[in-house]
$ cat final15.tsv   # TSV, C-alpha atoms
chain	number	residue	atom	x	y	z
O	29	MET	CA	84.17	125.45	106.18
O	30	ASP	CA	81.32	122.93	106.21
O	31	ILE	CA	82.15	120.04	103.87
O	32	LEU	CA	79.73	117.22	103.07
O	33	MET	CA	81.26	114.05	101.60
O	34	LEU	CA	78.83	112.01	99.56
O	35	HIS	CA	79.70	108.37	98.81
O	36	GLN	CA	77.40	105.36	98.85
O	37	ASN	CA	80.10	103.31	100.62
O	38	PHE	CA	81.68	106.13	102.63
O	39	PRO	CA	84.53	106.64	103.21
O	40	GLY	CA	85.60	104.90	99.97
O	41	GLN	CA	88.16	107.05	98.17
O	42	PHE	CA	87.69	109.83	100.75
O	43	ARG	CA	89.07	107.89	103.73
O	44	ARG	CA	92.34	109.80	104.15
O	45	LEU	CA	90.99	113.11	102.93
O	46	ALA	CA	88.08	113.18	105.40
O	47	GLY	CA	90.24	112.70	108.46
O	48	ARG	CA	92.84	115.24	107.41
O	49	LEU	CA	90.32	117.93	106.55
O	50	ALA	CA	88.67	117.42	109.93
O	51	ALA	CA	92.04	117.46	111.68
O	52	ILE	CA	92.91	120.90	110.34
O	53	GLY	CA	89.62	122.42	111.46
O	54	HIS	CA	87.06	121.92	108.72
O	55	ARG	CA	83.63	120.66	109.74
O	56	VAL	CA	83.33	117.41	107.80
O	57	ARG	CA	80.12	115.43	107.57
O	58	ALA	CA	79.32	112.38	105.45
O	59	MET	CA	76.32	110.84	103.75
O	60	GLY	CA	76.21	107.25	102.54
O	61	GLU	CA	74.00	104.25	102.14
O	62	ARG	CA	72.81	102.28	105.15
O	63	HIS	CA	75.59	99.67	104.85
O	64	ALA	CA	78.47	102.18	104.48
O	65	PRO	CA	81.18	101.59	107.12
O	66	GLY	CA	81.69	105.27	107.99
O	67	LEU	CA	84.67	106.76	109.82
O	68	PRO	CA	85.19	107.37	113.55
O	69	GLY	CA	84.87	111.06	114.36
O	70	ILE	CA	82.99	111.93	111.15
O	71	PRO	CA	79.23	112.40	111.72
O	72	MET	CA	77.24	110.54	109.10
O	73	THR	CA	73.74	110.62	107.69
O	74	ARG	CA	72.58	107.38	106.08
O	75	TYR	CA	69.99	106.97	103.38
O	76	GLU	CA	68.14	103.86	102.30
O	77	ILE	CA	66.95	102.71	98.89
O	78	ARG	CA	63.35	101.74	99.62
O	79	LYS	CA	62.09	100.74	96.19
O	80	GLU	CA	63.40	98.79	93.25
O	81	PRO	CA	63.60	100.31	89.76
O	82	LYS	CA	60.43	99.78	87.76
O	83	ALA	CA	60.77	97.48	84.78
O	84	GLY	CA	61.90	99.44	81.75
O	85	HIS	CA	64.26	99.20	78.84
O	86	ARG	CA	67.37	97.21	79.77
O	87	TYR	CA	69.67	99.93	78.37
O	88	LEU	CA	68.39	102.31	81.05
O	89	ASN	CA	68.79	100.08	84.11
O	90	THR	CA	71.86	101.99	85.33
O	91	VAL	CA	70.24	105.39	84.78
O	92	THR	CA	67.00	104.34	86.49
O	93	ALA	CA	68.84	102.99	89.52
O	94	ALA	CA	70.89	106.20	89.66
O	95	ALA	CA	67.76	108.35	89.62
O	96	ILE	CA	66.26	106.39	92.53
O	97	ARG	CA	69.47	106.76	94.52
O	98	GLY	CA	69.73	110.45	93.64
O	99	GLU	CA	66.17	111.00	94.82
O	100	ALA	CA	66.92	109.38	98.20
O	101	VAL	CA	69.99	111.57	98.65
O	102	ALA	CA	68.21	114.76	97.61
O	103	LYS	CA	65.40	114.16	100.09
O	104	GLY	CA	67.99	113.56	102.80
O	105	LEU	CA	69.74	116.82	101.94
O	106	VAL	CA	66.47	118.74	102.07
O	107	GLN	CA	65.74	117.28	105.50
O	108	LEU	CA	69.22	118.28	106.72
O	109	ALA	CA	68.67	121.80	105.36
O	110	LYS	CA	65.43	122.06	107.35
O	111	GLN	CA	67.46	121.18	110.43
O	112	GLY	CA	69.85	124.03	109.65
O	113	TYR	CA	72.67	122.13	107.91
O	114	ARG	CA	73.69	123.72	104.63
O	115	PRO	CA	77.23	122.76	103.61
O	116	ASP	CA	79.49	125.18	101.78
O	117	VAL	CA	80.73	122.42	99.51
O	118	VAL	CA	79.76	118.86	98.61
O	119	LEU	CA	82.46	116.41	97.55
O	120	ALA	CA	80.80	113.49	95.80
O	121	HIS	CA	81.53	110.25	94.06
O	122	PRO	CA	78.77	110.51	91.43
O	123	GLY	CA	79.12	107.06	89.87
O	124	TRP	CA	75.98	105.60	91.44
O	125	GLY	CA	73.72	108.64	90.97
O	126	GLU	CA	74.01	110.26	94.39
O	127	ALA	CA	75.11	113.63	93.02
O	128	LEU	CA	72.41	113.95	90.36
O	129	TYR	CA	70.09	116.27	92.30
O	130	VAL	CA	72.49	117.87	94.79
O	131	LYS	CA	72.25	121.24	93.01
O	132	ASP	CA	68.45	121.05	93.16
O	133	ALA	CA	68.45	120.38	96.90
O	134	LEU	CA	71.41	122.67	97.76
O	135	PRO	CA	71.72	125.27	94.99
O	136	GLN	CA	74.12	127.41	97.02
O	137	ALA	CA	76.65	124.62	97.66
O	138	ARG	CA	79.74	124.12	95.51
O	139	LEU	CA	79.67	120.60	94.03
O	140	VAL	CA	82.97	118.83	93.34
O	141	SER	CA	82.67	115.38	91.77
O	142	LEU	CA	85.20	112.56	91.43
O	143	PHE	CA	85.24	111.21	87.87
O	144	GLU	CA	86.95	107.83	87.84
O	145	PHE	CA	85.79	106.43	84.52
O	146	TYR	CA	83.87	107.22	81.36
O	147	TYR	CA	82.83	104.26	79.25
O	148	ARG	CA	84.38	103.77	75.82
O	149	ALA	CA	83.66	101.19	73.14
O	150	GLN	CA	87.34	101.25	72.18
O	151	GLY	CA	90.59	102.06	73.93
O	152	ALA	CA	89.64	100.99	77.44
O	153	ASP	CA	88.23	97.87	79.12
O	154	VAL	CA	85.51	96.94	76.64
O	155	GLY	CA	86.79	94.62	73.92
O	156	PHE	CA	90.22	94.43	75.53
O	157	GLU	CA	90.29	90.63	75.66
O	158	PRO	CA	91.27	89.10	72.28
O	159	GLY	CA	88.23	87.90	70.40
O	160	ALA	CA	85.78	89.74	72.66
O	161	ALA	CA	82.66	90.58	70.69
O	162	VAL	CA	81.31	94.11	71.05
O	163	GLY	CA	77.80	94.09	69.64
O	164	LEU	CA	75.02	96.63	69.41
O	165	ASP	CA	73.62	95.78	72.85
O	166	THR	CA	76.99	96.44	74.47
O	167	LEU	CA	77.50	99.70	72.61
O	168	ALA	CA	73.99	100.94	73.39
O	169	THR	CA	74.32	100.00	77.06
O	170	LEU	CA	77.60	101.93	77.31
O	171	THR	CA	75.99	104.95	75.67
O	172	SER	CA	73.12	104.84	78.14
O	173	ARG	CA	75.45	104.45	81.13
O	174	ASN	CA	77.29	107.55	80.01
O	175	LEU	CA	74.06	109.55	80.22
O	176	LEU	CA	74.62	109.50	83.99
O	177	HIS	CA	78.22	110.67	83.65
O	178	LEU	CA	77.31	113.44	81.20
O	179	MET	CA	74.69	114.79	83.59
O	180	ASN	CA	77.21	114.68	86.43
O	181	LEU	CA	79.75	116.53	84.29
O	182	GLU	CA	77.19	119.20	83.47
O	183	ARG	CA	75.95	119.75	86.99
O	184	CYS	CA	79.17	119.84	89.01
O	185	ASP	CA	81.14	123.03	89.60
O	186	ALA	CA	84.44	121.19	89.33
O	187	GLY	CA	85.61	117.66	88.66
O	188	VAL	CA	88.63	115.59	89.58
O	189	SER	CA	90.22	112.42	88.19
O	190	PRO	CA	93.01	110.37	89.83
O	191	THR	CA	95.15	110.01	86.66
O	192	HIS	CA	95.59	111.83	83.38
O	193	TRP	CA	94.48	108.76	81.42
O	194	GLN	CA	91.26	108.43	83.40
O	195	LYS	CA	90.56	112.12	82.74
O	196	SER	CA	91.28	111.64	79.02
O	197	LEU	CA	88.41	109.15	78.70
O	198	HIS	CA	85.87	111.91	79.34
O	199	PRO	CA	84.63	114.08	76.43
O	200	ALA	CA	87.17	116.74	75.47
O	201	ARG	CA	84.68	119.58	75.98
O	202	TYR	CA	84.77	118.86	79.74
O	203	HIS	CA	88.54	118.54	80.16
O	204	ASP	CA	88.92	122.13	81.39
O	205	LYS	CA	86.48	121.28	84.17
O	206	ILE	CA	88.45	118.25	85.43
O	207	SER	CA	91.65	118.51	87.47
O	208	VAL	CA	94.01	115.57	87.94
O	209	VAL	CA	94.52	114.92	91.65
O	210	HIS	CA	95.04	111.52	93.21
O	211	GLU	CA	93.48	111.10	96.66
O	212	GLY	CA	96.90	110.19	97.99
O	213	ILE	CA	98.80	107.29	99.53
O	214	ASP	CA	99.89	107.37	103.17
O	215	THR	CA	103.58	106.95	102.46
O	216	ALA	CA	104.48	107.07	106.15
O	217	ALA	CA	102.30	104.06	106.97
O	218	MET	CA	103.00	102.25	103.68
O	219	SER	CA	106.78	102.16	103.90
O	220	PRO	CA	109.58	99.57	103.68
O	221	GLU	CA	110.44	97.68	106.85
O	222	PRO	CA	113.58	95.48	106.77
O	223	ALA	CA	112.45	93.60	109.88
O	224	ALA	CA	108.96	92.84	108.54
O	225	ARG	CA	107.49	89.39	109.16
O	226	LEU	CA	104.23	87.74	108.16
O	227	THR	CA	102.98	84.52	109.73
O	228	LEU	CA	100.71	82.47	107.49
O	229	ARG	CA	97.79	80.44	108.80
O	230	ASP	CA	99.83	77.24	108.54
O	231	GLY	CA	102.55	78.72	110.73
O	232	ARG	CA	105.09	79.51	108.03
O	233	VAL	CA	106.85	82.81	108.64
O	234	LEU	CA	107.77	85.02	105.70
O	235	LYS	CA	110.48	87.66	105.99
O	236	VAL	CA	112.29	90.20	103.85
O	237	GLY	CA	114.68	88.40	101.51
O	238	ASP	CA	112.54	85.29	101.07
O	239	PRO	CA	111.55	84.44	97.47
O	240	VAL	CA	107.93	85.54	97.92
O	241	VAL	CA	105.79	86.33	94.86
O	242	THR	CA	102.71	88.39	95.70
O	243	TYR	CA	99.48	89.18	93.87
O	244	VAL	CA	96.77	91.42	95.35
O	245	ALA	CA	93.30	92.39	94.11
O	246	ARG	CA	90.00	93.15	95.80
O	247	HIS	CA	88.59	90.13	93.97
O	248	LEU	CA	90.32	87.56	91.77
O	249	GLU	CA	89.02	88.26	88.26
O	250	PRO	CA	90.13	88.98	84.68
O	251	TYR	CA	89.88	92.78	84.98
O	252	ARG	CA	92.90	92.58	87.28
O	253	GLY	CA	94.62	89.93	85.15
O	254	PHE	CA	94.08	86.99	87.50
O	255	HIS	CA	93.65	84.61	84.56
O	256	VAL	CA	96.94	85.70	82.99
O	257	PHE	CA	98.76	85.42	86.30
O	258	LEU	CA	97.46	81.99	87.26
O	259	ARG	CA	98.10	80.55	83.78
O	260	ALA	CA	101.70	81.76	84.04
O	261	LEU	CA	102.18	80.45	87.57
O	262	PRO	CA	103.10	76.82	86.71
O	263	GLU	CA	106.06	78.06	84.65
O	264	ILE	CA	107.00	80.62	87.33
O	265	GLN	CA	107.14	77.74	89.80
O	266	ARG	CA	109.20	75.56	87.46
O	267	ARG	CA	111.71	78.36	86.89
O	268	ASN	CA	111.86	79.29	90.58
O	269	PRO	CA	111.56	76.08	92.66
O	270	GLN	CA	112.05	77.87	96.00
O	271	ALA	CA	109.46	80.58	95.40
O	272	LEU	CA	106.26	80.82	97.44
O	273	THR	CA	103.29	82.63	95.89
O	274	VAL	CA	100.77	84.45	98.08
O	275	VAL	CA	97.51	85.50	96.41
O	276	VAL	CA	95.25	88.02	98.16
O	277	GLY	CA	91.67	88.66	97.08
O	278	GLY	CA	88.08	87.59	97.44
O	279	ASP	CA	86.06	85.29	95.20
O	280	ASN	CA	83.37	87.75	94.10
O	281	VAL	CA	83.42	89.99	91.04
O	282	SER	CA	84.01	93.72	91.32
O	283	TYR	CA	84.11	94.32	87.56
O	284	GLY	CA	82.98	92.31	84.58
O	285	ARG	CA	81.13	89.01	84.75
O	286	LYS	CA	81.22	85.83	86.75
O	287	PRO	CA	82.70	82.79	84.98
O	288	GLU	CA	80.54	80.19	83.29
O	289	GLY	CA	80.59	76.71	84.74
O	290	ALA	CA	82.29	77.62	88.03
O	291	ALA	CA	81.42	79.40	91.26
O	292	ASN	CA	84.25	81.92	90.87
O	293	TRP	CA	87.35	82.68	88.80
O	294	ARG	CA	89.71	81.06	91.29
O	295	GLU	CA	87.86	77.78	91.02
O	296	LYS	CA	87.66	78.03	87.23
O	297	LEU	CA	91.35	78.79	86.74
O	298	LEU	CA	92.49	76.15	89.21
O	299	SER	CA	90.45	73.55	87.31
O	300	GLU	CA	92.51	74.54	84.26
O	301	VAL	CA	96.04	74.73	85.71
O	302	GLY	CA	95.80	73.26	89.22
O	303	ASP	CA	97.23	69.88	88.24
O	304	ARG	CA	100.41	71.67	87.09
O	305	LEU	CA	100.86	73.63	90.30
O	306	ASP	CA	102.66	72.69	93.48
O	307	MET	CA	99.89	73.80	95.81
O	308	THR	CA	102.23	73.61	98.82
O	309	ARG	CA	103.87	76.72	97.32
O	310	VAL	CA	100.64	78.65	96.62
O	311	VAL	CA	98.66	80.37	99.39
O	312	PHE	CA	95.23	81.92	98.80
O	313	THR	CA	94.54	84.18	101.76
O	314	GLY	CA	91.21	85.71	100.78
O	315	GLN	CA	90.94	89.35	101.81
O	316	LEU	CA	93.46	90.28	104.50
O	317	PRO	CA	93.31	92.71	107.42
O	318	TYR	CA	95.22	95.87	106.59
O	319	ALA	CA	98.18	95.16	108.87
O	320	ALA	CA	98.71	91.70	107.36
O	321	TYR	CA	98.34	93.11	103.84
O	322	ARG	CA	101.00	95.73	104.58
O	323	ALA	CA	103.33	93.11	106.07
O	324	LEU	CA	102.92	90.99	102.94
O	325	LEU	CA	103.89	93.89	100.69
O	326	ARG	CA	106.93	94.54	102.86
O	327	VAL	CA	108.22	90.96	102.51
O	328	SER	CA	107.42	90.66	98.81
O	329	ALA	CA	110.31	89.83	96.47
O	330	ALA	CA	108.20	90.31	93.32
O	331	HIS	CA	104.77	91.95	93.37
O	332	VAL	CA	102.64	91.20	90.32
O	333	TYR	CA	100.02	93.74	89.23
O	334	LEU	CA	97.91	93.47	86.10
O	335	THR	CA	94.90	95.46	84.99
O	336	TYR	CA	92.76	96.06	81.95
O	337	PRO	CA	92.88	99.70	80.80
O	338	PHE	CA	90.72	100.73	83.72
O	339	VAL	CA	90.76	102.45	87.12
O	340	LEU	CA	94.20	102.30	88.73
O	341	SER	CA	94.22	100.25	91.97
O	342	TRP	CA	95.33	101.79	95.24
O	343	SER	CA	97.12	98.51	95.96
O	344	ALA	CA	99.56	99.10	93.10
O	345	LEU	CA	100.54	102.51	94.46
O	346	GLU	CA	100.70	101.22	98.03
O	347	ALA	CA	103.00	98.43	96.86
O	348	MET	CA	105.28	101.01	95.27
O	349	SER	CA	105.18	103.07	98.46
O	350	CYS	CA	106.29	99.99	100.41
O	351	GLY	CA	109.27	99.66	98.10
O	352	CYS	CA	108.02	96.56	96.28
O	353	LEU	CA	109.63	95.40	93.05
O	354	LEU	CA	106.64	95.72	90.73
O	355	VAL	CA	106.11	93.33	87.83
O	356	ALA	CA	103.22	95.01	86.04
O	357	SER	CA	101.22	95.02	82.83
O	358	ASN	CA	102.11	97.79	80.41
O	359	THR	CA	98.54	99.08	80.22
O	360	PRO	CA	97.07	102.52	80.91
O	361	PRO	CA	97.08	104.01	83.44
O	362	VAL	CA	99.85	101.78	84.86
O	363	ALA	CA	102.36	103.22	82.40
O	364	GLU	CA	101.55	106.70	83.72
O	365	VAL	CA	103.09	105.76	87.08
O	366	MET	CA	105.51	102.93	86.27
O	367	ARG	CA	108.38	102.94	83.78
O	368	HIS	CA	110.13	99.76	82.72
O	369	GLY	CA	113.66	99.50	84.02
O	370	ASP	CA	113.29	102.67	86.09
O	371	ASN	CA	110.81	101.91	88.89
O	372	ALA	CA	109.19	98.65	87.71
O	373	LEU	CA	109.43	95.72	85.31
O	374	LEU	CA	106.67	95.89	82.70
O	375	PHE	CA	105.31	93.32	80.24
O	376	ASP	CA	102.44	93.15	77.76
O	377	PHE	CA	99.23	92.14	79.54
O	378	PHE	CA	98.65	88.90	77.59
O	379	ASP	CA	102.33	87.90	77.36
O	380	GLN	CA	102.44	85.04	79.86
O	381	GLN	CA	106.03	84.21	78.99
O	382	GLY	CA	106.97	87.84	79.45
O	383	LEU	CA	105.39	87.70	82.92
O	384	VAL	CA	107.38	84.56	83.73
O	385	GLU	CA	110.62	86.21	82.59
O	386	ARG	CA	110.02	89.38	84.58
O	387	VAL	CA	109.13	87.53	87.81
O	388	SER	CA	112.15	85.25	87.39
O	389	GLU	CA	114.35	88.29	86.80
O	390	ALA	CA	113.06	89.89	90.00
O	391	LEU	CA	113.75	86.74	92.03
O	392	GLU	CA	117.17	86.06	90.49
O	393	ARG	CA	118.59	89.60	90.63
O	394	PRO	CA	117.27	91.22	93.83
O	395	GLY	CA	120.44	93.18	94.54
O	396	GLU	CA	120.85	94.55	91.02
O	397	LEU	CA	117.21	95.57	90.87
O	398	ALA	CA	117.08	97.19	94.31
O	399	PRO	CA	117.29	100.70	92.77
O	400	LEU	CA	113.90	100.06	91.14
O	401	ARG	CA	112.40	99.63	94.60
O	402	THR	CA	113.88	102.91	95.76
O	403	ALA	CA	112.67	104.68	92.62
O	404	ALA	CA	109.17	103.21	93.04
O	405	ARG	CA	108.83	104.61	96.54
O	406	ARG	CA	110.27	107.95	95.45
O	407	ALA	CA	107.71	108.19	92.62
O	408	ILE	CA	104.84	107.75	95.08
O	409	ARG	CA	106.28	110.15	97.66
O	410	ASN	CA	106.85	112.83	95.03
O	411	GLY	CA	103.66	112.47	93.02
O	412	TYR	CA	101.03	110.55	94.99
O	413	GLY	CA	101.55	111.30	98.67
O	414	VAL	CA	98.50	112.03	100.79
O	415	GLU	CA	99.62	115.59	101.60
O	416	ARG	CA	99.87	116.38	97.90
O	417	GLY	CA	96.39	114.95	97.42
O	418	LEU	CA	95.07	116.99	100.33
O	419	ALA	CA	96.47	120.22	98.87
O	420	GLY	CA	94.93	119.49	95.48
O	421	TYR	CA	91.53	118.72	96.91
O	422	MET	CA	91.59	121.74	99.20
O	423	ALA	CA	92.12	123.98	96.19
O	424	LEU	CA	89.17	122.35	94.39
O	425	LEU	CA	86.96	122.70	97.44
O	426	GLY	CA	87.87	126.35	97.77
O	427	ALA	CA	89.62	125.68	101.08
O	428	SER	CA	93.21	126.44	100.14
O	429	GLN	CA	93.67	128.95	102.98
O	430	PRO	CA	94.02	127.78	106.60
O	431	PRO	CA	90.48	127.36	107.93
O	432	THR	CA	88.96	128.93	111.00
O	433	THR	CA	87.40	126.78	113.67
O	434	SER	CA	84.92	129.46	114.75
O	435	PRO	CA	81.27	128.59	114.17
O	436	LYS	CA	79.41	129.91	111.16
O	437	PRO	CA	77.26	132.95	111.80
$ encode --input "final15.tsv" --output "structure tokens"
Amino acid sequence: MDILMLHQNFPGQFRRLAGRLAAIGHRVRAMGERHAPGLPGIPMTRYEIRKEPKAGHRYLNTVTAAAIRGEAVAKGLVQLAKQGYRPDVVLAHPGWGEALYVKDALPQARLVSLFEFYYRAQGADVGFEPGAAVGLDTLATLTSRNLLHLMNLERCDAGVSPTHWQKSLHPARYHDKISVVHEGIDTAAMSPEPAARLTLRDGRVLKVGDPVVTYVARHLEPYRGFHVFLRALPEIQRRNPQALTVVVGGDNVSYGRKPEGAANWREKLLSEVGDRLDMTRVVFTGQLPYAAYRALLRVSAAHVYLTYPFVLSWSALEAMSCGCLLVASNTPPVAEVMRHGDNALLFDFFDQQGLVERVSEALERPGELAPLRTAARRAIRNGYGVERGLAGYMALLGASQPPTTSPKP
């Protein structure tokens, strides 16, 4: 089967899926923007956005940008078709507009779209922070952003969401069209290792059994609870004088807004609490290479994960797969995967004292809480392993039977 994967930053969420589908004999090709990293062994067509959106109403900025991107992709697909490439199925992340005109360019292809999030004025990320004002401009902007998602829901042949909660955000009339399949965690690679070591830049060596508190996010920002974590850290240090905290993440913003009066959220939060921290026991690594990130998870004594009600991070599931003791916010969709006292320790997102208590509990009772680590890994192996994800996606793509490697007639 010829499968085209469409993602502006390919491979993105399709990293593991692309390689496995190719390995079992499917002909996998990708299309992404010029800067997309790509994957070795997967041929890739790149498109380029050559013009900026024309000035228009601010509510429609997202939709206008999506239409421009969709046009670039559609023209690329038409050119590929002229060269004889007509995929049987297109697997797309439609969030930036790339899938808008796929059915116009390739009407015969099955279109499967990944639906990660549908904007809501209540019950999700917007207005989650106490005192956050949600005015008309915000509401109207969300409504306009959802125009893109509604069109994607209409035009695809099938949809997929990684969690039940993320699916539930979409309008009920489309629920029958959306399956719940997580892309999958490589549980063989992301596994416990009793002999794991991590050498920090200053030469300190961390090993399993050390009182290491870890926090990981793509970028350090409120959507992933960085402000709650850092404000709780002085008390965590006071309660646990031997603990070393390692914070992984960049200084940009993936979601939400940049802070006022500071270059980034790390700088802003440190200006607030830095004088109460022992900075010899706090390490900011920036973004780590994958091997170092995995080693850090393996030596973690307490792994802190917070999120707004939003897209679930791969890092949280990878930490569970590594057998970490998770200290996590009791927010959706976290609570769909983690259960307090069973495979994690949960606390209310804004309860800084609750966070302190849970981290201290993890550091003080490692032996008693070891079964939570085992249960965390078991939950990922049973429900979120990459082979399970592959099987689910194959069914959606119409490739559930073993493929043939013979060329298409």
$ residues_around --input "final15.tsv" --residues "region 353-359 of chain O" --least-positions-apart "4" --cutoff "8 Å" --atoms "all atoms listed in the file" --output "PyMOL selection string"
chain O and resi 328-337+347-348+363+371-377+383+386-387+390+397-398+400-401+404
$ closest_residue --input "final15.tsv" --among "O:Pro239, O:Gly98, O:Pro262, O:Gly163" --to "Val384 (chain O)" --atoms "only C-alpha atoms"
O:Pro262
$ atom_distance --input "final15.tsv" --atom1 "CA of Tyr412 (chain O)" --atom2 "CA of Ala149 (chain O)"
29.4 Å
$ closest_residue --input "final15.tsv" --among "O:Gln315, O:Gln265, O:Ser219, O:Thr171" --to "His247 (chain O)" --atoms "all atoms listed in the file"
O:Gln315
$ residues_near_point --input "final15.tsv" --point "(83.9, 101.6, 73.9)" --cutoff "9 Å" --atoms "only C-alpha atoms" --output "short mmCIF file (atom, residue, chain, number, x, y, z; two decimals) with C-alpha atoms, in the frame of the given file"
data_model
loop_
_atom_site.label_atom_id
_atom_site.label_comp_id
_atom_site.auth_asym_id
_atom_site.auth_seq_id
_atom_site.Cartn_x
_atom_site.Cartn_y
_atom_site.Cartn_z
CA TYR O 147 82.83 104.26 79.25
CA ARG O 148 84.38 103.77 75.82
CA ALA O 149 83.66 101.19 73.14
CA GLN O 150 87.34 101.25 72.18
CA GLY O 151 90.59 102.06 73.93
CA ALA O 152 89.64 100.99 77.44
CA ASP O 153 88.23 97.87 79.12
CA VAL O 154 85.51 96.94 76.64
CA GLY O 155 86.79 94.62 73.92
CA VAL O 162 81.31 94.11 71.05
CA THR O 166 76.99 96.44 74.47
CA LEU O 167 77.50 99.70 72.61
CA LEU O 170 77.60 101.93 77.31
CA THR O 171 75.99 104.95 75.67
#
$ residues_around --input "final15.tsv" --residues "Phe38 (chain O)" --least-positions-apart "3" --cutoff "7 Å" --atoms "only C-alpha atoms" --output "list in words"
His35, Gly60, Ala64, Pro65 and Gly66 of chain O
$ write_last_selection --input "final15.tsv" --atoms "C-alpha atoms" --output "mmCIF file, in the frame of the given file"
data_model
loop_
_atom_site.group_PDB
_atom_site.id
_atom_site.type_symbol
_atom_site.label_atom_id
_atom_site.label_comp_id
_atom_site.auth_asym_id
_atom_site.auth_seq_id
_atom_site.Cartn_x
_atom_site.Cartn_y
_atom_site.Cartn_z
ATOM 1 C CA HIS O 35 79.700 108.370 98.810
ATOM 2 C CA GLY O 60 76.210 107.250 102.540
ATOM 3 C CA ALA O 64 78.470 102.180 104.480
ATOM 4 C CA PRO O 65 81.180 101.590 107.120
ATOM 5 C CA GLY O 66 81.690 105.270 107.990
#
$ residues_around --input "final15.tsv" --residues "Ala102 (chain O)" --least-positions-apart "6" --cutoff "7 Å" --atoms "only C-alpha atoms" --output "list in words"
Tyr129, Val130 and Ala133 of chain O
$ closest_residue --input "final15.tsv" --among "O:Val140, O:Leu234, O:Val101, O:Ala51" --to "Gly426 (chain O)" --atoms "only C-alpha atoms"
O:Val140
$ atom_distance --input "final15.tsv" --atom1 "CA of Ala120 (chain O)" --atom2 "CA of Met33 (chain O)"
5.8 Å
$ closest_residue --input "final15.tsv" --among "O:Ala46, O:Val274, O:Ala319, O:Leu139" --to "Ala58 (chain O)" --atoms "all atoms listed in the file"
O:Ala46
$ atom_distance --input "final15.tsv" --atom1 "CA of Ile264 (chain O)" --atom2 "CA of Val240 (chain O)"
11.7 Å
$ closest_residue --input "final15.tsv" --among "O:Glu76, O:Glu346, O:Asp238, O:Asp132" --to "Leu105 (chain O)" --atoms "all atoms listed in the file"
O:Asp132
$ residues_near_point --input "final15.tsv" --point "(71.2, 117.6, 89.8)" --cutoff "12 Å" --atoms "all atoms listed in the file" --output "PyMOL selection string"
chain O and resi 94-95+97-99+101-102+122+125-135+137+139+141+176-185
$ closest_residue --input "final15.tsv" --among "O:Gly104, O:Gly302, O:Gly187, O:Gly159" --to "Arg138 (chain O)" --atoms "only C-alpha atoms"
O:Gly187
$ residues_around --input "final15.tsv" --residues "region 190-207 of chain O" --least-positions-apart "4" --cutoff "8 Å" --atoms "all atoms listed in the file" --output "mmCIF file with C-alpha atoms, in the frame of the given file"
data_model
loop_
_atom_site.group_PDB
_atom_site.id
_atom_site.type_symbol
_atom_site.label_atom_id
_atom_site.label_comp_id
_atom_site.auth_asym_id
_atom_site.auth_seq_id
_atom_site.Cartn_x
_atom_site.Cartn_y
_atom_site.Cartn_z
ATOM 1 C CA PHE O 143 85.240 111.210 87.870
ATOM 2 C CA GLU O 144 86.950 107.830 87.840
ATOM 3 C CA PHE O 145 85.790 106.430 84.520
ATOM 4 C CA TYR O 146 83.870 107.220 81.360
ATOM 5 C CA TYR O 147 82.830 104.260 79.250
ATOM 6 C CA ARG O 148 84.380 103.770 75.820
ATOM 7 C CA LEU O 181 79.750 116.530 84.290
ATOM 8 C CA ASP O 185 81.140 123.030 89.600
ATOM 9 C CA ALA O 186 84.440 121.190 89.330
ATOM 10 C CA GLU O 211 93.480 111.100 96.660
ATOM 11 C CA PHE O 338 90.720 100.730 83.720
ATOM 12 C CA VAL O 339 90.760 102.450 87.120
ATOM 13 C CA PRO O 360 97.070 102.520 80.910
ATOM 14 C CA PRO O 361 97.080 104.010 83.440
ATOM 15 C CA GLU O 364 101.550 106.700 83.720
#
$ axis_aligned_box --input "final15.tsv" --around "region 48-55 of chain O" --padding-each-side "8 Å" --output "lines of an AutoDock Vina configuration file"
center_x = 88.3
center_y = 118.8
center_z = 109.1
size_x = 25.3
size_y = 23.2
size_z = 21.1
